[in-house]
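Undergrad: Got a file for you: model_27.pdb, PDB, C-alpha atoms.
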ATOM      1  CA  MET A 254      -8.192  15.975 -66.746  1.00  0.00           C
ATOM      2  CA  ILE A 255     -10.001  13.218 -64.826  1.00  0.00           C
ATOM      3  CA  ILE A 256     -13.764  13.128 -65.137  1.00  0.00           C
ATOM      4  CA  SER A 257     -15.754  11.385 -62.432  1.00  0.00           C
ATOM      5  CA  ASP A 258     -18.026   8.601 -63.620  1.00  0.00           C
ATOM      6  CA  SER A 259     -20.713   9.700 -61.114  1.00  0.00           C
ATOM      7  CA  GLN A 260     -22.352  11.710 -63.899  1.00  0.00           C
ATOM      8  CA  ASP A 261     -22.401   8.629 -66.117  1.00  0.00           C
ATOM      9  CA  ASN A 262     -24.131   6.518 -63.450  1.00  0.00           C
ATOM     10  CA  PRO A 263     -26.763   8.595 -61.612  1.00  0.00           C
ATOM     11  CA  THR A 264     -28.173   5.541 -59.772  1.00  0.00           C
ATOM     12  CA  PRO A 265     -26.720   5.444 -56.249  1.00  0.00           C
ATOM     13  CA  PRO A 266     -25.515   2.132 -54.755  1.00  0.00           C
ATOM     14  CA  LEU A 267     -27.966  -0.073 -52.814  1.00  0.00           C
ATOM     15  CA  GLY A 268     -28.897   1.497 -49.507  1.00  0.00           C
ATOM     16  CA  GLU A 269     -27.766   4.926 -50.675  1.00  0.00           C
ATOM     17  CA  ASP A 270     -30.849   5.839 -52.707  1.00  0.00           C
ATOM     18  CA  TYR A 271     -33.278   8.675 -52.109  1.00  0.00           C
ATOM     19  CA  TYR A 272     -35.894   6.631 -50.224  1.00  0.00           C
ATOM     20  CA  HIS A 273     -36.518   6.495 -46.496  1.00  0.00           C
ATOM     21  CA  HIS A 274     -35.732   3.009 -45.172  1.00  0.00           C
ATOM     22  CA  GLY A 275     -37.776   0.745 -42.944  1.00  0.00           C
ATOM     23  CA  VAL A 276     -38.988  -2.794 -42.339  1.00  0.00           C
ATOM     24  CA  ILE A 277     -42.357  -4.369 -43.112  1.00  0.00           C
ATOM     25  CA  VAL A 278     -43.666  -5.482 -39.721  1.00  0.00           C
ATOM     26  CA  LYS A 279     -47.216  -6.618 -40.560  1.00  0.00           C
ATOM     27  CA  LEU A 280     -49.108  -7.631 -43.673  1.00  0.00           C
ATOM     28  CA  PHE A 281     -52.881  -8.036 -43.695  1.00  0.00           C
ATOM     29  CA  PRO A 282     -53.755  -9.559 -47.110  1.00  0.00           C
ATOM     30  CA  SER A 283     -57.434  -9.965 -46.199  1.00  0.00           C
ATOM     31  CA  ASN A 284     -57.637  -6.205 -45.494  1.00  0.00           C
ATOM     32  CA  ASN A 285     -55.306  -5.223 -48.377  1.00  0.00           C
ATOM     33  CA  MET A 286     -52.952  -3.343 -46.083  1.00  0.00           C
ATOM     34  CA  GLY A 287     -49.614  -3.520 -44.310  1.00  0.00           C
ATOM     35  CA  VAL A 288     -47.496  -1.689 -41.741  1.00  0.00           C
ATOM     36  CA  VAL A 289     -43.899  -0.466 -42.034  1.00  0.00           C
ATOM     37  CA  ARG A 290     -41.673   0.475 -39.079  1.00  0.00           C
ATOM     38  CA  THR A 291     -39.623   3.531 -39.990  1.00  0.00           C
ATOM     39  CA  GLU A 292     -36.015   4.169 -38.991  1.00  0.00           C
ATOM     40  CA  SER A 293     -37.309   6.327 -36.117  1.00  0.00           C
ATOM     41  CA  GLY A 294     -39.537   3.493 -34.840  1.00  0.00           C
ATOM     42  CA  ARG A 295     -42.859   4.930 -36.016  1.00  0.00           C
ATOM     43  CA  GLU A 296     -45.321   2.536 -37.644  1.00  0.00           C
ATOM     44  CA  VAL A 297     -46.978   3.768 -40.838  1.00  0.00           C
ATOM     45  CA  ARG A 298     -49.679   1.942 -42.797  1.00  0.00           C
ATOM     46  CA  PHE A 299     -50.003   1.387 -46.524  1.00  0.00           C
ATOM     47  CA  SER A 300     -52.830   0.145 -48.718  1.00  0.00           C
ATOM     48  CA  TYR A 301     -52.176  -2.558 -51.314  1.00  0.00           C
ATOM     49  CA  ASP A 302     -54.542  -0.694 -53.662  1.00  0.00           C
ATOM     50  CA  LEU A 303     -52.808   2.691 -53.364  1.00  0.00           C
ATOM     51  CA  VAL A 304     -49.095   1.896 -53.004  1.00  0.00           C
ATOM     52  CA  ILE A 305     -46.766   2.078 -56.011  1.00  0.00           C
ATOM     53  CA  LEU A 306     -44.221  -0.769 -56.072  1.00  0.00           C
ATOM     54  CA  SER A 307     -40.760  -0.729 -57.599  1.00  0.00           C
ATOM     55  CA  GLY A 308     -37.757  -2.993 -57.380  1.00  0.00           C
ATOM     56  CA  GLU A 309     -37.981  -6.735 -56.893  1.00  0.00           C
ATOM     57  CA  ALA A 310     -41.659  -6.933 -55.803  1.00  0.00           C
ATOM     58  CA  LYS A 311     -44.151  -6.792 -58.652  1.00  0.00           C
ATOM     59  CA  THR A 312     -47.336  -7.200 -56.580  1.00  0.00           C
ATOM     60  CA  PRO A 313     -48.146  -6.668 -52.881  1.00  0.00           C
ATOM     61  CA  LEU A 314     -48.240 -10.462 -52.518  1.00  0.00           C
ATOM     62  CA  ASP A 315     -44.459 -10.463 -53.161  1.00  0.00           C
ATOM     63  CA  LEU A 316     -43.869  -8.442 -49.955  1.00  0.00           C
ATOM     64  CA  ARG A 317     -42.703 -10.276 -46.819  1.00  0.00           C
ATOM     65  CA  GLU A 318     -42.814  -9.422 -43.122  1.00  0.00           C
ATOM     66  CA  GLY A 319     -39.317  -8.554 -41.910  1.00  0.00           C
ATOM     67  CA  GLU A 320     -38.254  -7.343 -45.362  1.00  0.00           C
ATOM     68  CA  ARG A 321     -36.151  -4.158 -45.514  1.00  0.00           C
ATOM     69  CA  ILE A 322     -37.584  -1.654 -47.956  1.00  0.00           C
ATOM     70  CA  GLY A 323     -37.277   1.875 -49.220  1.00  0.00           C
ATOM     71  CA  TYR A 324     -40.440   3.979 -49.027  1.00  0.00           C
ATOM     72  CA  ASP A 325     -41.921   7.392 -49.684  1.00  0.00           C
ATOM     73  CA  LEU A 326     -44.694   9.067 -47.694  1.00  0.00           C
ATOM     74  CA  GLY A 327     -47.729  11.060 -48.716  1.00  0.00           C
ATOM     75  CA  TRP A 328     -50.863  12.539 -47.209  1.00  0.00           C
ATOM     76  CA  THR A 329     -54.101  10.757 -48.034  1.00  0.00           C
ATOM     77  CA  SER A 330     -57.676  11.195 -46.858  1.00  0.00           C
ATOM     78  CA  GLY A 331     -56.760   8.683 -44.126  1.00  0.00           C
ATOM     79  CA  GLY A 332     -53.717  10.663 -42.977  1.00  0.00           C
ATOM     80  CA  LEU A 333     -50.021   9.990 -43.503  1.00  0.00           C
ATOM     81  CA  ARG A 334     -49.477   6.806 -45.517  1.00  0.00           C
ATOM     82  CA  ILE A 335     -46.737   5.083 -47.465  1.00  0.00           C
ATOM     83  CA  THR A 336     -47.308   5.822 -51.139  1.00  0.00           C
ATOM     84  CA  LYS A 337     -44.269   4.087 -52.703  1.00  0.00           C
ATOM     85  CA  ILE A 338     -42.354   0.969 -51.732  1.00  0.00           C
ATOM     86  CA  LYS A 339     -39.041  -0.065 -53.259  1.00  0.00           C
ATOM     87  CA  THR A 340     -37.856  -3.598 -52.580  1.00  0.00           C
ATOM     88  CA  TYR A 341     -34.265  -4.733 -52.880  1.00  0.00           C
ATOM     89  CA  PRO A 342     -32.751  -8.064 -53.929  1.00  0.00           C
ATOM     90  CA  ARG A 343     -32.990 -10.553 -51.082  1.00  0.00           C
ATOM     91  CA  SER A 344     -29.644 -11.754 -49.823  1.00  0.00           C
ATOM     92  CA  ILE A 345     -29.022 -15.470 -50.189  1.00  0.00           C
ATOM     93  CA  GLY A 346     -27.982 -17.405 -47.149  1.00  0.00           C
TER      94      GLY A 346
END
Could you spell out this file's structure in structure tokens?

TA:
Amino acid sequence: MIISDSQDNPTPPLGEDYYHHGVIVKLFPSNNMGVVRTESGREVRFSYDLVILSGEAKTPLDLREGERIGYDLGWTSGGLRITKIKTYPRSIG
């Protein structure tokens, strides 16, 4: 009997995780906020103070405009916002 190793490794390959994917289009460090363009073309804001980071970036200052990210959305008092950002290893070259 052959047993698949997918149960042994529950982490999906890069780009096949459970996050929505988008690109950081604007960062406003003086206002502690940024904007992500979603796959559908919508622009959604996030607050440096409220976003949870995972992956390569450890602080909001590690984020870069043009960087592809994974994200999760949530409702805040200011409306729909990005609540989690996952960054991926930057390709070299």

Undergrad: Which value, in Å to one decimal, gives the distance between atom CA of A:Ala310 and atom CA of A:Lys339?

TA: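 Interatomic distance here is 7.8 Å.
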
Undergrad: Which one is closest to A:Leu314: A:Gly287, A:Gly275, A:Pro342, A:Gly332? Count all atoms listed in the file.

TA: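 Nearest candidate to A:Leu314 out of A:Gly287, A:Gly275, A:Pro342, A:Gly332: A:Gly287.
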
Undergrad: Could you check how far atom CA of A:Glu318 sits from atom CA of A:Ile305, in Å to one decimal?

TA: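 If I compute the distance from atom CA of A:Glu318 to atom CA of A:Ile305, I get 17.7 Å.
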
Undergrad: Assuming the chain letters and numbering stay as they are in my file, what does the PyMOL selection byres ((chain A and resi 273) around 9) actually select? List them as a list in words.

TA: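 So the PyMOL selection byres ((chain A and resi 273) around 9) ends up selecting Asp270, Tyr271, Tyr272, His274, Gly275, Thr291, Glu292, Ile322, Gly323, Tyr324, Asp325 and Leu326 of chain A.
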
Undergrad: With only C-alpha atoms as the atoms that count, which of A:Asn285, A:Thr312, A:Ser293, A:Ser307 lies nearest to A:Lys337?

TA: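 Using only C-alpha atoms, A:Lys337 sits closest to A:Ser307.
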
Undergrad: Counting all atoms listed in the file, figure out which residue out of A:Gly327, A:Leu303, A:Gly308, A:Pro313 gets nearest to A:Ser283.

TA: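 Using all atoms listed in the file, the shortest distance to A:Ser283 belongs to A:Pro313.
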
Undergrad: Between atom CA of A:Val288 and atom CA of A:Asp315, what is the distance in Å, rounded to a tenth?

TA: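 These two atoms are separated by 14.7 Å.
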
Undergrad: Between A:Ile335, A:Leu306, A:Tyr341, A:Pro282, which has the minimum distance to A:Arg321 (counting all atoms listed in the file)?

TA: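 Nearest candidate to A:Arg321 out of A:Ile335, A:Leu306, A:Tyr341, A:Pro282: A:Tyr341.
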
Undergrad: Restricting the calculation to all atoms listed in the file, which member of A:Leu333, A:Leu316, A:Leu280, A:Ile338 is positioned closest to A:Arg295?

TA: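 Looking at the shortest contact to A:Arg295, the residue is A:Leu333.
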
Undergrad: What does the PyMOL selection byres ((chain A and resi 298) around 8) select in this file, as number ranges by chain?

TA: A: 286-289, 296-297, 299-300, 334-335

Undergrad: Got a sec: who's within 9 Å of A:Arg317, counting all atoms listed in the file, leaving out chain neighbours fewer than 5 positions off, as a PDB file with C-alpha atoms, keeping the file's coordinate frame?

TA:
ATOM      1  CA  ILE A 277     -42.357  -4.369 -43.112  1.00  0.00           C
ATOM      2  CA  VAL A 278     -43.666  -5.482 -39.721  1.00  0.00           C
ATOM      3  CA  LYS A 279     -47.216  -6.618 -40.560  1.00  0.00           C
ATOM      4  CA  LEU A 280     -49.108  -7.631 -43.673  1.00  0.00           C
TER       5      LEU A 280
END

Undergrad: Would it be fine to have stretch 287-335 of chain A, with N, CA and C atoms, given as a compact mmCIF listing (two decimals), in the first residue's frame?

TA:
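Output contents, as saved in out27.txt:
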# COMPACT_ATOMS: atom_id res chain seq x y z
N GLY A 287 -0.62 51.31 4.10
CA GLY A 287 -0.25 50.91 2.76
C GLY A 287 -1.48 50.45 2.00
N VAL A 288 -1.28 50.18 0.70
CA VAL A 288 -2.37 49.76 -0.18
C VAL A 288 -1.91 48.54 -0.97
N VAL A 289 -2.80 47.55 -1.05
CA VAL A 289 -2.54 46.33 -1.82
C VAL A 289 -3.55 46.24 -2.95
N ARG A 290 -3.08 45.90 -4.16
CA ARG A 290 -3.98 45.64 -5.28
C ARG A 290 -4.25 44.14 -5.31
N THR A 291 -5.53 43.79 -5.23
CA THR A 291 -5.93 42.38 -5.20
C THR A 291 -5.86 41.78 -6.60
N GLU A 292 -6.06 40.47 -6.68
CA GLU A 292 -6.05 39.79 -7.98
C GLU A 292 -7.15 40.32 -8.89
N SER A 293 -8.25 40.82 -8.31
CA SER A 293 -9.36 41.33 -9.11
C SER A 293 -9.16 42.80 -9.49
N GLY A 294 -8.08 43.43 -8.99
CA GLY A 294 -7.79 44.81 -9.34
C GLY A 294 -8.26 45.82 -8.30
N ARG A 295 -8.94 45.38 -7.27
CA ARG A 295 -9.40 46.27 -6.22
C ARG A 295 -8.22 46.68 -5.34
N GLU A 296 -8.25 47.91 -4.84
CA GLU A 296 -7.20 48.36 -3.93
C GLU A 296 -7.76 48.41 -2.51
N VAL A 297 -7.06 47.74 -1.60
CA VAL A 297 -7.50 47.63 -0.21
C VAL A 297 -6.37 48.12 0.69
N ARG A 298 -6.74 48.93 1.69
CA ARG A 298 -5.74 49.52 2.58
C ARG A 298 -5.42 48.59 3.76
N PHE A 299 -4.28 48.85 4.37
CA PHE A 299 -3.93 48.20 5.63
C PHE A 299 -3.19 49.20 6.50
N SER A 300 -3.30 49.00 7.80
CA SER A 300 -2.64 49.84 8.79
C SER A 300 -1.43 49.09 9.34
N TYR A 301 -0.29 49.77 9.41
CA TYR A 301 0.91 49.15 9.98
C TYR A 301 0.64 48.67 11.41
N ASP A 302 -0.18 49.43 12.14
CA ASP A 302 -0.43 49.13 13.55
C ASP A 302 -1.35 47.93 13.75
N LEU A 303 -2.19 47.62 12.75
CA LEU A 303 -3.19 46.57 12.92
C LEU A 303 -2.92 45.30 12.14
N VAL A 304 -2.01 45.34 11.17
CA VAL A 304 -1.77 44.16 10.33
C VAL A 304 -0.84 43.17 11.04
N ILE A 305 -1.12 41.89 10.86
CA ILE A 305 -0.28 40.82 11.40
C ILE A 305 0.62 40.34 10.26
N LEU A 306 1.93 40.34 10.48
CA LEU A 306 2.88 39.94 9.45
C LEU A 306 3.37 38.51 9.68
N SER A 307 3.56 37.79 8.58
CA SER A 307 4.21 36.48 8.66
C SER A 307 5.07 36.31 7.42
N GLY A 308 5.95 35.35 7.46
CA GLY A 308 6.84 35.14 6.33
C GLY A 308 8.14 35.89 6.50
N GLU A 309 8.66 36.39 5.41
CA GLU A 309 9.98 37.03 5.39
C GLU A 309 10.01 38.38 6.12
N ALA A 310 8.94 39.18 6.01
CA ALA A 310 8.91 40.51 6.63
C ALA A 310 8.65 40.39 8.12
N LYS A 311 9.45 41.06 8.91
CA LYS A 311 9.28 41.03 10.36
C LYS A 311 8.64 42.32 10.88
N THR A 312 8.79 43.41 10.15
CA THR A 312 8.15 44.68 10.50
C THR A 312 7.58 45.29 9.22
N PRO A 313 6.64 46.23 9.33
CA PRO A 313 6.11 46.88 8.13
C PRO A 313 7.19 47.60 7.31
N LEU A 314 8.29 47.97 7.94
CA LEU A 314 9.37 48.64 7.21
C LEU A 314 10.08 47.69 6.26
N ASP A 315 9.88 46.36 6.43
CA ASP A 315 10.47 45.37 5.52
C ASP A 315 9.66 45.23 4.23
N LEU A 316 8.44 45.77 4.19
CA LEU A 316 7.59 45.66 3.00
C LEU A 316 8.09 46.59 1.91
N ARG A 317 7.88 46.19 0.65
CA ARG A 317 8.34 46.98 -0.50
C ARG A 317 7.22 47.14 -1.51
N GLU A 318 7.12 48.32 -2.11
CA GLU A 318 6.17 48.51 -3.21
C GLU A 318 6.53 47.57 -4.34
N GLY A 319 5.51 46.97 -4.96
CA GLY A 319 5.73 46.02 -6.05
C GLY A 319 5.91 44.58 -5.57
N GLU A 320 5.96 44.38 -4.26
CA GLU A 320 6.17 43.05 -3.71
C GLU A 320 4.88 42.23 -3.75
N ARG A 321 4.98 40.98 -4.22
CA ARG A 321 3.84 40.06 -4.23
C ARG A 321 3.68 39.49 -2.83
N ILE A 322 2.44 39.47 -2.36
CA ILE A 322 2.17 39.01 -1.01
C ILE A 322 0.94 38.11 -0.98
N GLY A 323 0.78 37.42 0.12
CA GLY A 323 -0.46 36.76 0.46
C GLY A 323 -1.14 37.63 1.51
N TYR A 324 -2.47 37.65 1.54
CA TYR A 324 -3.15 38.49 2.52
C TYR A 324 -4.48 37.87 2.93
N ASP A 325 -4.99 38.35 4.05
CA ASP A 325 -6.31 37.97 4.52
C ASP A 325 -7.06 39.26 4.84
N LEU A 326 -8.36 39.25 4.67
CA LEU A 326 -9.19 40.43 4.86
C LEU A 326 -10.02 40.33 6.12
N GLY A 327 -10.40 41.47 6.65
CA GLY A 327 -11.30 41.52 7.80
C GLY A 327 -12.02 42.85 7.82
N TRP A 328 -13.14 42.87 8.53
CA TRP A 328 -13.90 44.11 8.69
C TRP A 328 -13.41 44.83 9.94
N THR A 329 -13.14 46.11 9.78
CA THR A 329 -12.73 46.95 10.91
C THR A 329 -13.70 48.11 11.02
N SER A 330 -13.51 48.96 12.00
CA SER A 330 -14.38 50.13 12.13
C SER A 330 -14.25 51.04 10.91
N GLY A 331 -13.14 50.93 10.18
CA GLY A 331 -12.92 51.73 8.98
C GLY A 331 -13.35 51.02 7.70
N GLY A 332 -14.01 49.88 7.83
CA GLY A 332 -14.44 49.12 6.66
C GLY A 332 -13.54 47.92 6.40
N LEU A 333 -13.59 47.42 5.18
CA LEU A 333 -12.80 46.25 4.80
C LEU A 333 -11.32 46.62 4.74
N ARG A 334 -10.50 45.86 5.46
CA ARG A 334 -9.06 46.12 5.51
C ARG A 334 -8.31 44.80 5.45
N ILE A 335 -7.04 44.89 5.09
CA ILE A 335 -6.16 43.72 5.15
C ILE A 335 -5.72 43.56 6.60
